[in-house]
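Q: Have a look at the structure that comes next, please.
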Amino acid sequence: MSTVIGVLSLQGAVREHEHALAQLGVETRKVRRPRDLDGLDGLVFPGGESTTMSKLLNVEGMRDPVQQALDGGLPAFGTCAGMILLADVVRDTREDAVNFHALDVTVRRNAFGRQVDSFETDLDVAGIEDAVHAVFIRAPWVEQTGPNVEVLSRVPEGHGEHTGAIVAVRSGSVMATSFHPEAMPGEKRLHELFLRECVGI
Ligand code: GLN
């Protein structure tokens, strides 16, 4: 049976993830309804707006099914808003926002500042040979990590108060980045890392 990776398709950068995964030869499925979760080998939580996704998760009756799938060990990869959704604790979000506690980290939403403060930089990422050009758009960062969380990347020197901020993590079969690898044409290495380390293919 071929590998099928779902992309949570309630809002956000769905197409970009589908494209990156397709380039790696993996079948993708848009996940909008509970039955779309059946038989998946992994689920991608895209960038977008975590509070909007929260509302839609509730409205579409997806919150509990996604929680159950994650609790059952479904491998997951979240980027930006997706990282927020997977986190254990989220700072600076709405009271009623959803997060799935799938990754033992505390993240701060919009930590790098507002839209105007979005920036790009080259990152070293554990498990990837050459630097990754990262785009941060109203991105969260990771403020605390649990004992089983591996830090994959931090903002390098030269970025003032942002230097040292944790921007990519993995714990078991769950991985997340503050930035948007899917936004860089031809950048498939983070998705490849997810498939190799988290999904196991
Ligand atoms: N600031 C957004 C949020 O809170 C995330 C931004 C993004 O995914 N580009 O969800």
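Ligands are numbered from 1 in the order shown, residues from 1 within each chain, and chains are lettered A, B, ... in the order they appear in the structure tokens.
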Using only C-alpha atoms and all ligand atoms, what are the residues with an atom within 6 Å of ligand 1, set out as a list in words?

A: Gly47, Gly48, Glu49, Ser50, Thr51, Cys80, Ala81, Arg109, Asn110, Ile137, Arg138 and Ala139 of chain A

Q: List every residue of chain A that DSSP, applied to the backbone, labels as helix (DSSP H, G or I), and write the result as number ranges by chain.

A: A: 14-23, 34-37, 50-59, 63-71, 81-86, 115-117, 160-162, 181-183, 189-199

Q: Using only C-alpha atoms, which protein or nucleic acid residues come within 7 Å of Leu70 in chain A? Drop anything in the same chain fewer than 4 positions from it, and give the result as an MDAnalysis selection string.

A: chainID A and resid 66 74 102

Q: Closest to His162 in chain A among A:Val132, A:Ala111, A:Val31, A:Ala183, using only C-alpha atoms?

A: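 Closest candidate: A:Ala111.
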
Q: Can you pull out every residue within 10 Å of Leu37 in chain A, counting only C-alpha atoms, but drop anything in the same chain fewer than 2 positions away, and send it as an NGL selection string?

A: :A and (5-8 or 29-35 or 39-43 or 62 or 65-66 or 69 or 74)

Q: From the set A:Thr145, A:Val167, A:Gly78, A:Val199, which residue has the shortest atom-to-atom contact distance to Thr3 in chain A, counting only C-alpha atoms?

A: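 Checking each candidate against Thr3 in chain A, we get A:Val199 as the closest.
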
Q: Taking 4 positions as the minimum chain separation for residues in the same chain, which residues sit within 6 Å of range 176-180 of chain A when counting only C-alpha atoms? Answer as a list of chain:residue names.

A: A:Phe77, A:Gly78, A:Thr79, A:Cys80, A:Met83, A:Ala134, A:Val135, A:Phe136, A:Ala139, A:Pro140, A:Trp141, A:Val167, A:Ala168, A:Val169

Q: Would you mind exporting the chosen residues as an mmCIF file, in the first residue's frame, restricted to C-alpha atoms?

A:
```cif
data_model
loop_
_atom_site.group_PDB
_atom_site.id
_atom_site.type_symbol
_atom_site.label_atom_id
_atom_site.label_comp_id
_atom_site.auth_asym_id
_atom_site.auth_seq_id
_atom_site.Cartn_x
_atom_site.Cartn_y
_atom_site.Cartn_z
ATOM 1 C CA PHE A 77 4.062 17.876 10.834
ATOM 2 C CA GLY A 78 2.993 21.450 11.624
ATOM 3 C CA THR A 79 4.311 24.642 10.083
ATOM 4 C CA CYS A 80 3.756 28.051 11.701
ATOM 5 C CA MET A 83 3.054 24.354 15.081
ATOM 6 C CA ALA A 134 13.471 30.077 6.070
ATOM 7 C CA VAL A 135 10.578 32.510 5.713
ATOM 8 C CA PHE A 136 8.918 33.625 8.946
ATOM 9 C CA ALA A 139 5.597 33.231 13.270
ATOM 10 C CA PRO A 140 5.495 31.569 16.674
ATOM 11 C CA TRP A 141 8.642 30.462 18.447
ATOM 12 C CA VAL A 167 12.209 27.406 15.411
ATOM 13 C CA ALA A 168 12.138 23.681 14.594
ATOM 14 C CA VAL A 169 11.492 20.721 16.901
#
```

Q: Given the choices A:Arg63, A:His19, A:Arg189, A:Lys55, which gets closest to Ile128 in chain A if the distance is worked out from only C-alpha atoms?

A: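 Between A:Arg63, A:His19, A:Arg189, A:Lys55, the residue approaching Ile128 in chain A most closely is A:Arg189.
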
Q: Write out as a PyMOL selection string each polymer residue whose atoms come within 9 Å of His17 in chain A, counting only C-alpha atoms; drop sequence neighbours fewer than 4 positions from it.

A: chain A and resi 7+13+21-22+44+46+181-183+191

Q: Generate a file of the selected residues that holds N, CA, C and O atoms, formatted as a compact mmCIF listing (two decimals), in the first residue's frame.

A:
```txt
# COMPACT_ATOMS: atom_id res chain seq x y z
N VAL A 7 -3.41 16.49 4.42
CA VAL A 7 -3.11 17.90 4.71
C VAL A 7 -4.41 18.50 5.26
O VAL A 7 -5.43 18.51 4.56
N ALA A 13 -2.12 27.35 3.93
CA ALA A 13 -1.25 27.03 2.79
C ALA A 13 -1.30 25.54 2.44
O ALA A 13 -0.30 24.83 2.56
N LEU A 21 4.91 17.52 -1.06
CA LEU A 21 4.77 16.07 -0.83
C LEU A 21 4.68 15.31 -2.16
O LEU A 21 5.28 14.24 -2.30
N ALA A 22 3.98 15.90 -3.11
CA ALA A 22 3.86 15.25 -4.43
C ALA A 22 5.24 15.15 -5.08
O ALA A 22 5.56 14.14 -5.72
N VAL A 44 -0.40 16.70 7.89
CA VAL A 44 0.29 17.99 7.89
C VAL A 44 -0.68 19.07 8.33
O VAL A 44 -1.83 19.13 7.87
N PRO A 46 -0.98 22.94 8.15
CA PRO A 46 -0.30 24.01 7.39
C PRO A 46 -0.24 25.33 8.14
O PRO A 46 -0.88 25.52 9.18
N PRO A 181 8.53 26.00 5.19
CA PRO A 181 9.33 25.37 4.13
C PRO A 181 8.53 25.23 2.84
O PRO A 181 9.07 25.25 1.74
N GLU A 182 7.20 25.11 2.99
CA GLU A 182 6.33 24.93 1.82
C GLU A 182 6.26 26.18 0.95
O GLU A 182 5.83 26.13 -0.20
N ALA A 183 6.71 27.32 1.52
CA ALA A 183 6.63 28.57 0.76
C ALA A 183 7.83 28.76 -0.16
O ALA A 183 7.83 29.66 -1.00
N HIS A 191 10.02 18.27 4.52
CA HIS A 191 9.00 17.23 4.32
C HIS A 191 9.66 15.85 4.25
O HIS A 191 9.13 14.88 4.77
```

Q: With distances taken over only C-alpha atoms, which of A:Gly158, A:Asp71, A:Ile201, A:Ala131 is nearest to Leu24 in chain A?

A: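 Closest candidate: A:Ile201.
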
Q: From the list A:Val26, A:Ala76, A:Leu190, A:Val105, which residue is nearest Val4 in chain A when using only C-alpha atoms?

A: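 With only C-alpha atoms as the atom set, the closest residue is A:Val26.
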
Q: Among chain A, which residues does DSSP mark as strand (DSSP E or B) when it is run on the backbone? Keep the chain and numbering as in the structure and answer as number ranges by chain.

A: A: 4-8, 27-31, 42-45, 76-79, 87-91, 103-108, 119-123, 132-136, 141-145, 150-154, 166-171, 174-177

Q: Using only C-alpha atoms, determine which residues lie at most 9 Å from Val155 in chain A, disregarding the query and same-chain residues fewer than 4 positions distant; provide the list as a PyMOL selection string.

A: chain A and resi 121-124+159+162-167

Q: Taking only C-alpha atoms into account, name the residue in A:Met175, A:Val125, A:Val142, A:Leu86 that is nearest to Val107 in chain A.

A: A:Val142

Q: Between CA of Gln144 in chain A and CA of Thr106 in chain A, what is the distance, to one decimal in Å?

A: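 Result for CA of Gln144 in chain A versus CA of Thr106 in chain A: 5.0 Å, one decimal.
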